[in-house]
file data_21.pdb (PDB, C-alpha atoms and all ligand atoms)
ATOM      1  CA  MET A 491     -46.869-148.909 -78.350  1.00  0.00           C
ATOM      2  CA  GLN A 492     -50.100-149.497 -80.184  1.00  0.00           C
ATOM      3  CA  LYS A 493     -52.064-149.228 -76.970  1.00  0.00           C
ATOM      4  CA  ILE A 494     -50.430-145.919 -76.166  1.00  0.00           C
ATOM      5  CA  SER A 495     -51.180-144.544 -79.635  1.00  0.00           C
ATOM      6  CA  LEU A 496     -54.782-145.667 -79.313  1.00  0.00           C
ATOM      7  CA  ILE A 497     -55.197-143.962 -75.954  1.00  0.00           C
ATOM      8  CA  ALA A 498     -53.558-140.793 -77.258  1.00  0.00           C
ATOM      9  CA  GLY A 499     -55.834-140.889 -80.277  1.00  0.00           C
ATOM     10  CA  LEU A 500     -58.932-141.253 -78.128  1.00  0.00           C
ATOM     11  CA  ALA A 501     -57.827-138.407 -75.909  1.00  0.00           C
ATOM     12  CA  VAL A 502     -57.438-136.141 -78.920  1.00  0.00           C
ATOM     13  CA  LEU A 503     -60.838-137.222 -80.189  1.00  0.00           C
ATOM     14  CA  VAL A 504     -62.505-136.536 -76.844  1.00  0.00           C
ATOM     15  CA  ALA A 505     -60.850-133.140 -76.622  1.00  0.00           C
ATOM     16  CA  ALA A 506     -61.876-132.293 -80.183  1.00  0.00           C
ATOM     17  CA  CYS A 507     -65.510-133.194 -79.506  1.00  0.00           C
ATOM     18  CA  GLY A 508     -66.072-130.345 -77.128  1.00  0.00           C
ATOM     19  CA  GLY A 509     -64.211-131.249 -74.008  1.00  0.00           C
ATOM     20  CA  GLU A 510     -66.705-133.246 -72.064  1.00  0.00           C
ATOM     21  CA  ASN A 511     -64.394-134.529 -69.430  1.00  0.00           C
ATOM     22  CA  LYS A 512     -64.924-138.141 -70.240  1.00  0.00           C
ATOM     23  CA  ALA A 513     -62.253-140.759 -69.826  1.00  0.00           C
ATOM     24  CA  PRO A 514     -61.332-142.719 -72.937  1.00  0.00           C
ATOM     25  CA  GLU A 515     -62.628-146.258 -73.213  1.00  0.00           C
ATOM     26  CA  GLN A 516     -60.730-148.331 -70.781  1.00  0.00           C
ATOM     27  CA  ALA A 517     -57.737-149.927 -72.456  1.00  0.00           C
ATOM     28  CA  PRO A 518     -56.857-153.481 -71.530  1.00  0.00           C
ATOM     29  CA  ALA A 519     -54.610-153.490 -68.492  1.00  0.00           C
ATOM     30  CA  ALA A 520     -50.932-153.687 -69.318  1.00  0.00           C
ATOM     31  CA  THR A 521     -49.119-156.772 -68.129  1.00  0.00           C
ATOM     32  CA  PRO A 522     -47.553-155.943 -64.777  1.00  0.00           C
ATOM     33  CA  ALA A 523     -43.776-155.757 -65.018  1.00  0.00           C
ATOM     34  CA  ALA A 524     -43.432-158.316 -62.250  1.00  0.00           C
ATOM     35  CA  GLU A 525     -45.016-160.991 -64.406  1.00  0.00           C
ATOM     36  CA  MET A 526     -42.447-160.465 -67.118  1.00  0.00           C
ATOM     37  CA  ALA A 527     -39.368-160.309 -64.895  1.00  0.00           C
ATOM     38  CA  PRO A 528     -37.617-163.546 -63.969  1.00  0.00           C
ATOM     39  CA  ALA A 529     -38.290-164.966 -60.535  1.00  0.00           C
ATOM     40  CA  ALA A 530     -36.450-163.147 -57.811  1.00  0.00           C
ATOM     41  CA  ALA A 531     -33.105-164.685 -56.991  1.00  0.00           C
ATOM     42  CA  PRO A 532     -32.734-166.068 -53.494  1.00  0.00           C
ATOM     43  CA  ALA A 533     -30.032-164.436 -51.396  1.00  0.00           C
ATOM     44  CA  PRO A 534     -26.658-166.179 -51.285  1.00  0.00           C
ATOM     45  CA  THR A 535     -25.813-167.676 -47.928  1.00  0.00           C
ATOM     46  CA  GLY A 536     -22.374-169.211 -48.241  1.00  0.00           C
ATOM     47  CA  THR A 537     -18.770-168.858 -49.274  1.00  0.00           C
ATOM     48  CA  THR A 538     -17.460-166.729 -52.121  1.00  0.00           C
ATOM     49  CA  HIS A 539     -15.138-168.413 -54.623  1.00  0.00           C
ATOM     50  CA  ASP A 540     -12.916-166.793 -57.224  1.00  0.00           C
ATOM     51  CA  VAL A 541     -12.290-168.009 -60.754  1.00  0.00           C
ATOM     52  CA  ASN A 542      -9.838-166.145 -62.964  1.00  0.00           C
ATOM     53  CA  MET A 543     -10.268-165.855 -66.712  1.00  0.00           C
ATOM     54  CA  GLU A 544      -6.800-165.828 -68.183  1.00  0.00           C
ATOM     55  CA  PHE A 545      -4.726-165.883 -71.331  1.00  0.00           C
ATOM     56  CA  ASP A 546      -1.283-167.354 -70.712  1.00  0.00           C
ATOM     57  CA  GLY A 547       0.180-166.214 -74.020  1.00  0.00           C
ATOM     58  CA  LYS A 548      -0.932-169.355 -75.823  1.00  0.00           C
ATOM     59  CA  THR A 549      -4.251-170.594 -74.458  1.00  0.00           C
ATOM     60  CA  TYR A 550      -7.285-169.357 -72.572  1.00  0.00           C
ATOM     61  CA  HIS A 551      -8.327-170.769 -69.221  1.00  0.00           C
ATOM     62  CA  PHE A 552     -10.678-170.575 -66.321  1.00  0.00           C
ATOM     63  CA  VAL A 553      -8.442-170.903 -63.238  1.00  0.00           C
ATOM     64  CA  PRO A 554      -9.408-173.109 -61.557  1.00  0.00           C
ATOM     65  CA  SER A 555     -11.335-174.830 -64.324  1.00  0.00           C
ATOM     66  CA  THR A 556     -13.103-177.139 -61.907  1.00  0.00           C
ATOM     67  CA  LEU A 557     -14.336-176.350 -58.451  1.00  0.00           C
ATOM     68  CA  THR A 558     -16.735-177.793 -55.942  1.00  0.00           C
ATOM     69  CA  ILE A 559     -19.045-175.484 -54.072  1.00  0.00           C
ATOM     70  CA  LYS A 560     -22.154-175.679 -51.948  1.00  0.00           C
ATOM     71  CA  ALA A 561     -25.607-174.449 -52.883  1.00  0.00           C
ATOM     72  CA  GLY A 562     -25.779-170.883 -51.597  1.00  0.00           C
ATOM     73  CA  ASP A 563     -22.167-170.092 -52.477  1.00  0.00           C
ATOM     74  CA  VAL A 564     -21.158-167.331 -54.849  1.00  0.00           C
ATOM     75  CA  VAL A 565     -18.598-167.487 -57.645  1.00  0.00           C
ATOM     76  CA  ASN A 566     -16.828-164.347 -58.826  1.00  0.00           C
ATOM     77  CA  PHE A 567     -15.338-164.638 -62.307  1.00  0.00           C
ATOM     78  CA  HIS A 568     -12.490-162.186 -62.854  1.00  0.00           C
ATOM     79  CA  ASN A 569     -11.414-160.875 -66.251  1.00  0.00           C
ATOM     80  CA  VAL A 570      -7.683-161.126 -65.557  1.00  0.00           C
ATOM     81  CA  SER A 571      -6.230-161.217 -69.082  1.00  0.00           C
ATOM     82  CA  GLY A 572      -7.050-161.973 -72.690  1.00  0.00           C
ATOM     83  CA  GLY A 573     -10.613-160.701 -72.537  1.00  0.00           C
ATOM     84  CA  PRO A 574     -13.307-160.157 -73.456  1.00  0.00           C
ATOM     85  CA  HIS A 575     -14.569-163.242 -71.679  1.00  0.00           C
ATOM     86  CA  ASN A 576     -17.952-164.370 -70.485  1.00  0.00           C
ATOM     87  CA  VAL A 577     -19.500-167.262 -68.591  1.00  0.00           C
ATOM     88  CA  ALA A 578     -22.097-169.396 -70.347  1.00  0.00           C
ATOM     89  CA  PHE A 579     -23.664-172.682 -69.298  1.00  0.00           C
ATOM     90  CA  TRP A 580     -24.721-175.477 -71.604  1.00  0.00           C
ATOM     91  CA  ALA A 581     -28.444-175.985 -71.092  1.00  0.00           C
ATOM     92  CA  ASP A 582     -28.033-179.749 -71.541  1.00  0.00           C
ATOM     93  CA  SER A 583     -25.071-179.994 -69.142  1.00  0.00           C
ATOM     94  CA  ILE A 584     -26.556-178.652 -65.951  1.00  0.00           C
ATOM     95  CA  PRO A 585     -28.824-180.408 -63.439  1.00  0.00           C
ATOM     96  CA  ALA A 586     -32.584-180.530 -63.859  1.00  0.00           C
ATOM     97  CA  GLY A 587     -34.088-177.320 -62.540  1.00  0.00           C
ATOM     98  CA  ALA A 588     -30.804-175.427 -62.719  1.00  0.00           C
ATOM     99  CA  ALA A 589     -31.722-173.362 -65.770  1.00  0.00           C
ATOM    100  CA  ALA A 590     -34.479-171.535 -63.887  1.00  0.00           C
ATOM    101  CA  VAL A 591     -32.167-170.859 -60.948  1.00  0.00           C
ATOM    102  CA  LEU A 592     -29.347-169.590 -63.138  1.00  0.00           C
ATOM    103  CA  GLY A 593     -31.834-167.594 -65.174  1.00  0.00           C
ATOM    104  CA  ALA A 594     -32.755-165.713 -62.025  1.00  0.00           C
ATOM    105  CA  ASN A 595     -29.228-165.544 -60.580  1.00  0.00           C
ATOM    106  CA  MET A 596     -27.122-164.541 -63.606  1.00  0.00           C
ATOM    107  CA  PRO A 597     -27.107-160.773 -64.129  1.00  0.00           C
ATOM    108  CA  ASP A 598     -27.102-159.169 -67.596  1.00  0.00           C
ATOM    109  CA  GLN A 599     -27.573-162.278 -69.708  1.00  0.00           C
ATOM    110  CA  MET A 600     -26.888-161.822 -73.425  1.00  0.00           C
ATOM    111  CA  GLN A 601     -29.101-164.840 -73.991  1.00  0.00           C
ATOM    112  CA  PRO A 602     -30.411-167.477 -71.604  1.00  0.00           C
ATOM    113  CA  LEU A 603     -27.557-168.951 -69.516  1.00  0.00           C
ATOM    114  CA  SER A 604     -24.954-166.719 -71.189  1.00  0.00           C
ATOM    115  CA  GLY A 605     -23.539-163.905 -69.081  1.00  0.00           C
ATOM    116  CA  THR A 606     -22.580-160.487 -70.322  1.00  0.00           C
ATOM    117  CA  MET A 607     -19.231-159.972 -72.040  1.00  0.00           C
ATOM    118  CA  LEU A 608     -16.519-158.764 -69.683  1.00  0.00           C
ATOM    119  CA  VAL A 609     -14.530-156.288 -71.755  1.00  0.00           C
ATOM    120  CA  VAL A 610     -12.963-154.154 -69.067  1.00  0.00           C
ATOM    121  CA  GLN A 611      -9.794-155.440 -67.422  1.00  0.00           C
ATOM    122  CA  ASP A 612     -10.469-156.759 -63.911  1.00  0.00           C
ATOM    123  CA  ALA A 613     -14.226-156.689 -64.410  1.00  0.00           C
ATOM    124  CA  VAL A 614     -16.009-159.263 -62.284  1.00  0.00           C
ATOM    125  CA  TYR A 615     -19.056-161.348 -63.109  1.00  0.00           C
ATOM    126  CA  THR A 616     -20.797-162.745 -60.059  1.00  0.00           C
ATOM    127  CA  ILE A 617     -23.070-165.764 -60.044  1.00  0.00           C
ATOM    128  CA  SER A 618     -24.916-166.775 -56.929  1.00  0.00           C
ATOM    129  CA  PHE A 619     -25.653-170.456 -56.612  1.00  0.00           C
ATOM    130  CA  ALA A 620     -28.365-169.805 -54.056  1.00  0.00           C
ATOM    131  CA  GLY A 621     -31.094-172.338 -54.622  1.00  0.00           C
ATOM    132  CA  ALA A 622     -28.987-174.239 -57.151  1.00  0.00           C
ATOM    133  CA  PRO A 623     -29.678-177.969 -57.402  1.00  0.00           C
ATOM    134  CA  GLU A 624     -26.852-180.389 -56.721  1.00  0.00           C
ATOM    135  CA  GLY A 625     -24.858-181.657 -59.651  1.00  0.00           C
ATOM    136  CA  GLU A 626     -22.416-180.705 -62.358  1.00  0.00           C
ATOM    137  CA  TYR A 627     -22.595-177.392 -64.164  1.00  0.00           C
ATOM    138  CA  LYS A 628     -20.495-177.273 -67.317  1.00  0.00           C
ATOM    139  CA  PHE A 629     -19.691-173.837 -68.627  1.00  0.00           C
ATOM    140  CA  TYR A 630     -17.587-172.101 -71.227  1.00  0.00           C
ATOM    141  CA  CYS A 631     -16.431-168.727 -72.465  1.00  0.00           C
ATOM    142  CA  LEU A 632     -18.243-167.864 -75.671  1.00  0.00           C
ATOM    143  CA  PRO A 633     -15.400-166.003 -77.437  1.00  0.00           C
ATOM    144  CA  HIS A 634     -12.867-168.710 -76.554  1.00  0.00           C
ATOM    145  CA  LEU A 635     -14.911-171.902 -76.643  1.00  0.00           C
ATOM    146  CA  ALA A 636     -13.177-173.015 -79.831  1.00  0.00           C
ATOM    147  CA  MET A 637      -9.884-172.587 -77.986  1.00  0.00           C
ATOM    148  CA  GLY A 638     -11.041-174.817 -75.159  1.00  0.00           C
ATOM    149  CA  MET A 639     -11.905-172.219 -72.518  1.00  0.00           C
ATOM    150  CA  LYS A 640     -14.356-174.171 -70.392  1.00  0.00           C
ATOM    151  CA  GLY A 641     -14.872-175.473 -66.906  1.00  0.00           C
ATOM    152  CA  MET A 642     -17.151-177.229 -64.496  1.00  0.00           C
ATOM    153  CA  ILE A 643     -18.650-176.353 -61.150  1.00  0.00           C
ATOM    154  CA  THR A 644     -19.950-179.152 -58.968  1.00  0.00           C
ATOM    155  CA  VAL A 645     -22.631-178.088 -56.523  1.00  0.00           C
ATOM    156  CA  GLU A 646     -22.909-180.219 -53.405  1.00  0.00           C
ATOM    157  CA  ASP A 647     -25.661-179.891 -50.893  1.00  0.00           C
TER     158      ASP A 647
HETATM  159 CU    CU B   1     -12.588-166.180 -72.765  1.00  0.00          CU
END

call {"tool": "encode", "arguments": {"input": "data_21.pdb", "output": "structure tokens", "more": "lines below"}}
Ligand SMILES: [Cu+2]
result
Amino acid sequence: MQKISLIAGLAVLVAACGGENKAPEQAPAATPAAEMAPAAAPAPTGTTHDVNMEFDGKTYHFVPSTLTIKAGDVVNFHNVSGGPHNVAFWADSIPAGAAAVLGANMPDQMQPLSGTMLVVQDAVYTISFAGAPEGEYKFYCLPHLAMGMKGMITVED
């Protein structure tokens, strides 16, 4: 914002000084957007799995709460009942290197490793595990963590 104001100010000044068609002093180049965006996510290559997010009248669950997938698979989390729900991973309970992969592969993160809140009934949150290192990925639902809504995905090579 400051850079833009400065450029605008210079332009006004140049115009006011009699309209010599001189460009304003060159402003420092803005950081290219690509440098600020997370690394591009690799394309998924494998099977799609479904996990439902449910309220059974008493407790909240991921169903299934544990599943084993392969790197390159995709998991669709469905807001079946009792939402809003989300999918969040514990940074200290995922394999080394997984945070960068999930950072690139999780759309609409509210904060790092925490997916957007699914408010609408039947909304789906999709996570690609393309490029995901092998190991255990423990996750939870932020609104219902205190009520034990959590699960684990094991990625096998
Ligand atoms: Cu939930």

call {"tool": "residues_near_ligand", "arguments": {"input": "data_21.pdb", "ligand": "ligand CU 1 (chain B)", "cutoff": "9 Å", "atoms": "only C-alpha atoms and all ligand atoms", "output": "PDB file with C-alpha atoms, keeping the file's coordinate frame"}}
result
ATOM      1  CA  MET A 543     -10.268-165.855 -66.712  1.00  0.00           C
ATOM      2  CA  GLU A 544      -6.800-165.828 -68.183  1.00  0.00           C
ATOM      3  CA  PHE A 545      -4.726-165.883 -71.331  1.00  0.00           C
ATOM      4  CA  TYR A 550      -7.285-169.357 -72.572  1.00  0.00           C
ATOM      5  CA  HIS A 551      -8.327-170.769 -69.221  1.00  0.00           C
ATOM      6  CA  PHE A 552     -10.678-170.575 -66.321  1.00  0.00           C
ATOM      7  CA  ASN A 569     -11.414-160.875 -66.251  1.00  0.00           C
ATOM      8  CA  SER A 571      -6.230-161.217 -69.082  1.00  0.00           C
ATOM      9  CA  GLY A 572      -7.050-161.973 -72.690  1.00  0.00           C
ATOM     10  CA  GLY A 573     -10.613-160.701 -72.537  1.00  0.00           C
ATOM     11  CA  PRO A 574     -13.307-160.157 -73.456  1.00  0.00           C
ATOM     12  CA  HIS A 575     -14.569-163.242 -71.679  1.00  0.00           C
ATOM     13  CA  ASN A 576     -17.952-164.370 -70.485  1.00  0.00           C
ATOM     14  CA  VAL A 577     -19.500-167.262 -68.591  1.00  0.00           C
ATOM     15  CA  LEU A 608     -16.519-158.764 -69.683  1.00  0.00           C
ATOM     16  CA  TYR A 630     -17.587-172.101 -71.227  1.00  0.00           C
ATOM     17  CA  CYS A 631     -16.431-168.727 -72.465  1.00  0.00           C
ATOM     18  CA  LEU A 632     -18.243-167.864 -75.671  1.00  0.00           C
ATOM     19  CA  PRO A 633     -15.400-166.003 -77.437  1.00  0.00           C
ATOM     20  CA  HIS A 634     -12.867-168.710 -76.554  1.00  0.00           C
ATOM     21  CA  LEU A 635     -14.911-171.902 -76.643  1.00  0.00           C
ATOM     22  CA  MET A 637      -9.884-172.587 -77.986  1.00  0.00           C
ATOM     23  CA  MET A 639     -11.905-172.219 -72.518  1.00  0.00           C
ATOM     24  CA  LYS A 640     -14.356-174.171 -70.392  1.00  0.00           C
TER      25      LYS A 640
END

call {"tool": "axis_aligned_box", "arguments": {"input": "data_21.pdb", "around": "stretch 598-609 of chain A", "padding_each_side": "8 Å", "output": "lines of an AutoDock Vina configuration file"}}
result
center_x = -22.5
center_y = -162.6
center_z = -70.8
size_x = 31.9
size_y = 28.7
size_z = 22.4

call {"tool": "resolve_selection", "arguments": {"input": "data_21.pdb", "expression": "the PyMOL selection byres (((chain A and resi 616) around 6) and not hetatm)", "output": "number ranges by chain"}}
result
A: 565-566, 615, 617

call {"tool": "residues_around", "arguments": {"input": "data_21.pdb", "residues": "A:Glu624", "least_positions_apart": "6", "cutoff": "9 Å", "atoms": "all atoms listed in the file", "output": "list in words"}}
result
Lys560, Ala561, Pro585, Ala588, Thr644, Val645, Glu646 and Asp647 of chain A

call {"tool": "residues_near_point", "arguments": {"input": "data_21.pdb", "point": "(-26.8, -167.8, -70.8)", "cutoff": "10 Å", "atoms": "all atoms listed in the file", "output": "number ranges by chain"}}
result
A: 576-581, 589, 592-593, 596-606, 629, 632

call {"tool": "resolve_selection", "arguments": {"input": "data_21.pdb", "expression": "the PyMOL selection byres (((chain A and resi 532) around 6) and not hetatm)", "output": "ChimeraX atom specification"}}
result
/A:531,533,620

call {"tool": "atom_distance", "arguments": {"input": "data_21.pdb", "atom1": "atom CA of A:Ile643", "atom2": "atom CA of A:Asp546"}}
result
21.8 Å

call {"tool": "resolve_selection", "arguments": {"input": "data_21.pdb", "expression": "the PyMOL selection byres (((chain A and resi 540) around 8) and not hetatm)", "output": "MDAnalysis selection string"}}
result
chainID A and resid 538:539 541:542 565:568

call {"tool": "decode", "arguments": {"input": "data_21.pdb", "residues": "stretch 538-589 of chain A", "atoms": "C-alpha atoms", "output": "tab-separated table (two decimals), in the first residue's frame"}}
result
chain	number	residue	atom	x	y	z
A	538	THR	CA	-10.44	-41.82	-3.56
A	539	HIS	CA	-11.55	-42.62	-0.01
A	540	ASP	CA	-14.55	-41.28	1.87
A	541	VAL	CA	-14.69	-40.30	5.53
A	542	ASN	CA	-17.98	-39.15	7.03
A	543	MET	CA	-18.18	-36.56	9.78
A	544	GLU	CA	-21.12	-37.51	11.93
A	545	PHE	CA	-23.06	-36.80	15.08
A	546	ASP	CA	-24.89	-39.88	16.32
A	547	GLY	CA	-27.07	-38.02	18.80
A	548	LYS	CA	-24.51	-38.32	21.57
A	549	THR	CA	-20.98	-38.13	20.18
A	550	TYR	CA	-19.09	-36.87	17.16
A	551	HIS	CA	-17.09	-39.15	14.90
A	552	PHE	CA	-15.03	-39.48	11.80
A	553	VAL	CA	-16.32	-42.66	10.12
A	554	PRO	CA	-14.07	-44.50	9.64
A	555	SER	CA	-11.79	-42.93	12.22
A	556	THR	CA	-8.77	-44.83	10.98
A	557	LEU	CA	-7.90	-45.71	7.43
A	558	THR	CA	-4.88	-46.80	5.49
A	559	ILE	CA	-4.20	-45.25	2.13
A	560	LYS	CA	-1.38	-44.97	-0.36
A	561	ALA	CA	0.57	-41.85	-1.22
A	562	GLY	CA	-1.27	-40.30	-4.16
A	563	ASP	CA	-4.72	-41.21	-2.85
A	564	VAL	CA	-7.39	-38.65	-2.09
A	565	VAL	CA	-9.63	-38.46	0.97
A	566	ASN	CA	-13.02	-36.77	0.78
A	567	PHE	CA	-14.39	-35.70	4.16
A	568	HIS	CA	-18.17	-35.37	4.13
A	569	ASN	CA	-20.15	-33.15	6.49
A	570	VAL	CA	-22.92	-35.67	7.11
A	571	SER	CA	-24.39	-34.44	10.41
A	572	GLY	CA	-23.64	-32.37	13.48
A	573	GLY	CA	-21.52	-29.79	11.69
A	574	PRO	CA	-19.78	-27.50	11.39
A	575	HIS	CA	-16.77	-29.78	11.20
A	576	ASN	CA	-13.27	-29.39	9.87
A	577	VAL	CA	-10.14	-31.46	9.42
A	578	ALA	CA	-6.97	-30.38	11.21
A	579	PHE	CA	-3.67	-32.20	11.63
A	580	TRP	CA	-1.41	-32.02	14.65
A	581	ALA	CA	1.92	-30.67	13.45
A	582	ASP	CA	3.77	-32.95	15.89
A	583	SER	CA	1.78	-36.06	14.92
A	584	ILE	CA	2.50	-36.31	11.23
A	585	PRO	CA	5.60	-37.67	9.48
A	586	ALA	CA	8.65	-35.52	8.82
A	587	GLY	CA	8.09	-33.51	5.66
A	588	ALA	CA	4.32	-33.97	5.74
A	589	ALA	CA	3.54	-30.43	6.87
